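Text of upload33.txt, listed as compact mmCIF, C-alpha atoms:
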# COMPACT_ATOMS: atom_id res chain seq x y z
CA MET A 1389 -24.78 20.41 -6.18
CA PRO A 1390 -21.38 18.65 -6.03
CA ALA A 1391 -19.65 17.92 -9.32
CA ARG A 1392 -19.77 14.27 -10.38
CA ARG A 1393 -16.51 12.40 -10.53
CA PRO A 1394 -15.70 11.06 -14.01
CA HIS A 1395 -16.23 7.31 -14.34
CA ALA A 1396 -12.83 5.84 -13.48
CA SER A 1397 -13.07 2.90 -15.87
CA SER A 1398 -13.01 5.37 -18.72
CA HIS A 1399 -9.60 6.74 -17.71
CA PRO A 1400 -7.68 6.83 -20.99
CA ASP A 1401 -4.37 5.65 -19.51
CA LEU A 1402 -5.72 2.36 -18.13
CA SER A 1403 -5.89 -0.76 -20.27
CA GLU A 1404 -8.13 -2.55 -17.75
CA ILE A 1405 -9.64 -2.21 -14.29
CA LEU A 1406 -8.52 -4.97 -11.92
CA LEU A 1407 -10.41 -3.77 -8.84
CA THR A 1408 -13.38 -1.43 -8.70
CA GLU A 1409 -13.98 1.15 -6.00
CA ALA A 1410 -16.77 -1.01 -4.55
CA GLN A 1411 -14.57 -4.13 -4.43
CA ILE A 1412 -11.82 -2.21 -2.65
CA LYS A 1413 -14.23 -0.75 -0.07
CA ARG A 1414 -15.74 -4.17 0.70
CA ARG A 1415 -12.32 -5.78 1.13
CA VAL A 1416 -11.01 -2.95 3.34
CA ARG A 1417 -13.99 -3.52 5.66
CA SER A 1418 -13.31 -7.26 5.83
CA ILE A 1419 -9.57 -6.74 6.45
CA ALA A 1420 -10.51 -4.43 9.34
CA ARG A 1421 -12.60 -7.27 10.82
CA GLU A 1422 -9.63 -9.66 10.47
CA ILE A 1423 -7.37 -7.15 12.20
CA LYS A 1424 -9.92 -6.68 14.99
CA ALA A 1425 -10.04 -10.45 15.49
CA ALA A 1426 -6.23 -10.54 15.77
CA TYR A 1427 -5.85 -7.61 18.18
CA GLY A 1428 -9.10 -7.84 20.13
CA ASP A 1429 -9.83 -4.51 21.80
CA GLY A 1430 -6.18 -3.67 22.44
CA GLU A 1431 -4.24 -0.64 21.29
CA PHE A 1432 -1.75 -0.99 18.48
CA THR A 1433 0.45 1.23 16.34
CA LEU A 1434 -0.11 1.51 12.60
CA ILE A 1435 2.97 2.22 10.52
CA SER A 1436 2.08 3.25 7.00
CA LEU A 1437 4.52 3.15 4.09
CA ILE A 1438 3.86 6.40 2.29
CA ASN A 1439 3.05 7.69 -0.23
CA GLY A 1440 1.59 4.50 -1.72
CA ALA A 1441 -0.33 3.22 1.30
CA VAL A 1442 -1.82 6.56 2.36
CA MET A 1443 -5.32 5.95 0.93
CA PHE A 1444 -5.46 2.34 2.10
CA THR A 1445 -4.27 3.33 5.57
CA ALA A 1446 -6.80 6.15 5.88
CA ASP A 1447 -9.72 3.96 4.80
CA LEU A 1448 -8.59 1.06 6.98
CA MET A 1449 -8.20 3.30 10.06
CA ARG A 1450 -11.78 4.50 9.66
CA GLU A 1451 -12.98 0.89 9.85
CA ILE A 1452 -11.03 0.07 13.06
CA ASP A 1453 -12.48 1.09 16.43
CA ASN A 1454 -9.45 0.09 18.51
CA PRO A 1455 -7.28 2.79 20.02
CA VAL A 1456 -4.52 3.23 17.44
CA ARG A 1457 -1.42 5.34 17.04
CA LEU A 1458 -0.15 6.24 13.57
CA ASP A 1459 3.34 6.78 12.24
CA CYS A 1460 4.73 6.73 8.72
CA VAL A 1461 7.92 5.74 6.98
CA ARG A 1462 8.93 6.71 3.48
CA VAL A 1463 10.79 4.25 1.27
CA SER A 1464 11.70 4.64 -2.38
CA SER A 1465 11.88 1.52 -4.53
CA TYR A 1466 10.48 2.42 -7.97
CA GLY A 1467 11.21 6.06 -8.80
CA ALA A 1468 9.93 6.62 -12.34
CA GLN A 1469 10.25 2.95 -13.29
CA THR A 1470 7.74 0.11 -13.59
CA LYS A 1471 10.15 -2.38 -11.97
CA SER A 1472 11.79 -2.11 -8.57
CA MET A 1473 15.15 -0.32 -8.73
CA GLY A 1474 16.79 -3.06 -6.68
CA THR A 1475 17.59 -2.08 -3.12
CA PRO A 1476 14.89 0.09 -1.54
CA GLN A 1477 16.06 3.31 0.10
CA LEU A 1478 14.72 4.50 3.47
CA ILE A 1479 14.00 8.22 3.07
CA SER A 1480 12.36 9.00 6.43
CA SER A 1481 11.85 6.85 9.50
CA LEU A 1482 9.62 6.60 12.56
CA THR A 1483 8.97 9.32 15.10
CA LEU A 1484 6.98 7.27 17.65
CA ASP A 1485 8.56 5.03 20.26
CA ILE A 1486 7.32 1.51 19.47
CA ARG A 1487 9.35 -0.45 22.03
CA GLY A 1488 7.04 -2.93 23.76
CA ARG A 1489 4.09 -1.95 21.52
CA ASP A 1490 1.99 -4.03 19.14
CA VAL A 1491 2.76 -2.86 15.60
CA LEU A 1492 0.96 -3.30 12.28
CA VAL A 1493 2.84 -2.26 9.14
CA ILE A 1494 0.62 -1.25 6.22
CA ASP A 1495 1.81 -1.19 2.62
CA ASP A 1496 0.06 -0.82 -0.69
CA ILE A 1497 1.69 -3.71 -2.56
CA LEU A 1498 3.93 -6.66 -1.78
CA ASP A 1499 5.86 -7.68 -4.88
CA THR A 1500 9.61 -8.40 -4.62
CA GLY A 1501 9.31 -8.23 -0.83
CA LYS A 1502 12.45 -6.12 -0.46
CA THR A 1503 10.68 -3.02 0.84
CA LEU A 1504 8.58 -4.87 3.42
CA LYS A 1505 11.63 -6.85 4.54
CA LEU A 1506 13.66 -3.64 4.99
CA VAL A 1507 10.92 -1.98 7.03
CA THR A 1508 10.14 -5.00 9.20
CA GLU A 1509 13.83 -5.46 9.99
CA LEU A 1510 14.05 -1.79 10.99
CA ILE A 1511 11.00 -2.17 13.24
CA ARG A 1512 12.16 -5.45 14.82
CA ALA A 1513 15.38 -3.69 15.82
CA LEU A 1514 13.23 -1.24 17.84
CA ARG A 1515 11.87 -4.17 19.90
CA PRO A 1516 8.08 -4.00 19.54
CA ALA A 1517 5.95 -6.44 21.54
CA SER A 1518 4.57 -7.85 18.29
CA LEU A 1519 4.82 -7.13 14.58
CA ARG A 1520 2.31 -7.95 11.86
CA THR A 1521 2.03 -6.79 8.27
CA CYS A 1522 -0.92 -5.84 6.08
CA VAL A 1523 -0.85 -5.22 2.33
CA LEU A 1524 -3.63 -4.27 -0.03
CA LEU A 1525 -2.12 -6.13 -2.99
CA ASP A 1526 0.08 -9.21 -3.20
CA LYS A 1527 1.93 -9.85 -6.47
CA LYS A 1528 3.44 -13.25 -5.66
CA ALA A 1529 4.90 -13.74 -9.14
CA ARG A 1530 7.47 -10.99 -8.43
CA ARG A 1531 8.68 -12.21 -5.00
CA GLU A 1532 12.47 -12.21 -4.59
CA VAL A 1533 12.76 -12.56 -0.81
CA ALA A 1534 10.92 -14.88 1.55
CA ILE A 1535 8.28 -12.70 3.17
CA GLU A 1536 4.50 -12.90 3.40
CA ALA A 1537 1.95 -10.54 4.93
CA GLU A 1538 -0.44 -11.65 7.67
CA PHE A 1539 -3.29 -9.62 6.17
CA VAL A 1540 -3.74 -9.42 2.37
CA GLY A 1541 -6.42 -7.60 0.45
CA PHE A 1542 -6.09 -9.09 -3.02
CA GLU A 1543 -3.67 -11.30 -4.90
CA ILE A 1544 -3.03 -9.83 -8.35
CA PRO A 1545 -1.25 -10.94 -11.53
CA ASP A 1546 2.15 -9.61 -12.59
CA LYS A 1547 0.87 -6.42 -14.23
CA PHE A 1548 1.86 -2.82 -13.49
CA VAL A 1549 -1.04 -1.28 -11.59
CA VAL A 1550 -1.92 2.24 -10.51
CA GLY A 1551 -4.71 3.91 -8.57
CA TYR A 1552 -5.91 4.01 -4.96
CA GLY A 1553 -2.53 5.31 -3.81
CA LEU A 1554 -0.35 3.39 -6.25
CA ASP A 1555 1.45 5.58 -8.74
CA PHE A 1556 3.66 5.75 -11.75
CA ALA A 1557 6.09 8.69 -11.55
CA GLU A 1558 3.78 10.24 -8.88
CA ARG A 1559 0.69 10.14 -11.12
CA TYR A 1560 -2.62 8.21 -10.82
CA ARG A 1561 -2.62 7.90 -7.01
CA ASN A 1562 -6.00 9.67 -6.86
CA LEU A 1563 -7.90 7.14 -8.99
CA PRO A 1564 -10.53 5.35 -6.88
CA VAL A 1565 -9.92 2.05 -8.73
CA ILE A 1566 -6.86 -0.11 -9.31
CA GLY A 1567 -6.11 -0.55 -12.97
CA VAL A 1568 -3.39 -1.70 -15.33
CA LEU A 1569 -1.42 1.18 -16.81
CA ARG A 1570 -1.31 1.09 -20.60
CA ALA A 1571 2.13 0.04 -21.87
CA ASP A 1572 2.53 3.23 -23.92
CA ARG A 1573 2.02 5.32 -20.75
CA GLN A 1574 4.74 3.50 -18.78
CA ASN A 1575 7.39 6.02 -19.78
CA PRO A 1576 7.54 9.49 -18.18
CA ALA A 1577 8.62 10.91 -21.56
CA ALA A 1578 5.10 10.08 -22.81
CA TRP A 1579 3.74 13.05 -20.84
CA SER A 1580 4.08 16.64 -21.95
CA THR A 1581 5.86 18.92 -19.50
CA SER A 1582 3.27 21.67 -19.77

Give the structure from the file, written as C-alpha cells.
Amino acid sequence: MPARRPHASSHPDLSEILLTEAQIKRRVRSIAREIKAAYGDGEFTLISLINGAVMFTADLMREIDNPVRLDCVRVSSYGAQTKSMGTPQLISSLTLDIRGRDVLVIDDILDTGKTLKLVTELIRALRPASLRTCVLLDKKARREVAIEAEFVGFEIPDKFVVGYGLDFAERYRNLPVIGVLRADRQNPAAWSTS
C-alpha cells in the first residue's frame, strides 16, 4: 500500500494556503483549454522557465493534445531572497531552433515582469512566427515593467509564496499547494545546516 502524503495545509513553514492542490489542477485544465482555443490543432513550442515552472509545465503539457516541442531556459532573479535581486540573469538558453515557429513561454509567476521581459526579448530576436506567454500566478502589485501574460492561472496578493514549483532558497518546490511562507522562515539562516 502506498504511503500517504502528509496533509500539505499542515506544513509548519506556511502561514496560509492560497491555492489548494484541487484548485491548481482545475485551473491547469482550464488554461489548457484556453491554449487549445488559441492554437487550434497546430504544433507549437513550449519554453519553460526552470526550475520554478517545471511542475506547472509538466501538468499543463499532459492536458494539451497538440503536437508540442519543449525547451527550457534558466534565469536567476531571486537567489536566496524574497524580493527580486534587480536584473535577472540568463543562466542557460534555448537549444531548439524556434525561427518561424509558434512559441508559448511558461513561467511560474509574473511579478516585477523583468524576467518575462528578458526572456520574451531573447525569443523575439530568434524570429518565431508567434509568441505568447502563460503564467500560473500574476502578482500585479509588484509590476515594474509593462508586460502582461496572455494566459494567467491566478492573480495573487503581494505575499511571498512557495509550493508547486515555487521555492525559497531551493526549498518547498515539492509542495502540492501554493502557500505563504511564514515570515520567520524567510531567512536561509533559519534552517540548520545538518

Rank A:Ile1405, A:Arg1417, A:Val1523, A:Ile1435 by their smallest atom-to-atom distance to Asp1453 in chain A, using all atoms listed in the file, and report the top residue only.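 Checking each candidate against Asp1453 in chain A, we get A:Arg1417 as the closest.
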
Closest of A:Arg1515, A:Arg1531, A:Arg1421, A:His1399 to Lys1502 in chain A - atom-to-atom distances counting all atoms listed in the file: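 For Lys1502 in chain A, the nearest of the given residues is A:Arg1531.
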
Ranking A:Asp1546, A:Asp1490, A:Asp1499, A:Asp1459 by minimum distance to Glu1431 in chain A and counting only C-alpha atoms, which one comes first?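 Checking each of A:Asp1546, A:Asp1490, A:Asp1499, A:Asp1459 against Glu1431 in chain A, counting only C-alpha atoms, the winner is A:Asp1490.
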
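Residue nearest Ser1403 in chain A within the list A:Phe1548, A:Phe1432, A:Phe1556, A:Phe1542: A:Phe1548 [criterion: smallest interatomic distance, only C-alpha atoms].
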
Å distance separating CA of Ser1464 in chain A from CA of Asp1555 in chain A, one decimal place: 12.1 Å

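Note that the spacing between CA of Leu1434 in chain A and CA of Ile1494 in chain A amounts to 7.0 Å.
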
What is the distance, in Å and to one decimal place, between CA of Leu1498 in chain A and CA of Tyr1427 in chain A?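 Separation of CA of Leu1498 in chain A and CA of Tyr1427 in chain A: 22.2 Å.
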
Selection: 12 Å around Glu1422 in chain A, all atoms listed in the file, excl. self and same-chain fewer than 3 positions, as a count of residues only: 17

Name all residues at most 7 Å from Asp1401 in chain A (count all atoms listed in the file; drop same-chain ones fewer than 6 positions away) and give them as a PDB file with C-alpha atoms, in the coordinates of the input.
ATOM      1  CA  LEU A1569      -1.420   1.180 -16.810  1.00  0.00           C
ATOM      2  CA  ARG A1570      -1.310   1.090 -20.600  1.00  0.00           C
ATOM      3  CA  ARG A1573       2.020   5.320 -20.750  1.00  0.00           C
TER       4      ARG A1573
END

Sel. within 10 Å of pt (8.7, -13.3, -5.9), counting only C-alpha atoms, output as a list in words: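 Taken together, the residues in range are Leu1498, Asp1499, Thr1500, Gly1501, Lys1502, Asp1526, Lys1527, Lys1528, Ala1529, Arg1530, Arg1531, Glu1532, Val1533, Ala1534 and Ile1535 of chain A.
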
Residue nearest Val1456 in chain A among A:Ile1423, A:Ala1557, A:Ala1410, A:Leu1482 (counting all atoms listed in the file): A:Ile1423

Considering all atoms listed in the file, return as a list of chain:residue names whatever protein or nucleic-acid residues lie within 10 Å of Thr1483 in chain A, sequence-local ones (same chain, fewer than 5 positions apart) excluded.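 The residues that qualify are A:Leu1458, A:Asp1459, A:Cys1460, A:Val1461.
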
Restrict the selected residues to C-alpha atoms and save them as a short mmCIF file (atom, residue, chain, number, x, y, z; two decimals), in the coordinates of the input.
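Result file follows (selection_30.cif):
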data_model
loop_
_atom_site.label_atom_id
_atom_site.label_comp_id
_atom_site.auth_asym_id
_atom_site.auth_seq_id
_atom_site.Cartn_x
_atom_site.Cartn_y
_atom_site.Cartn_z
CA LEU A 1458 -0.15 6.24 13.57
CA ASP A 1459 3.34 6.78 12.24
CA CYS A 1460 4.73 6.73 8.72
CA VAL A 1461 7.92 5.74 6.98
#
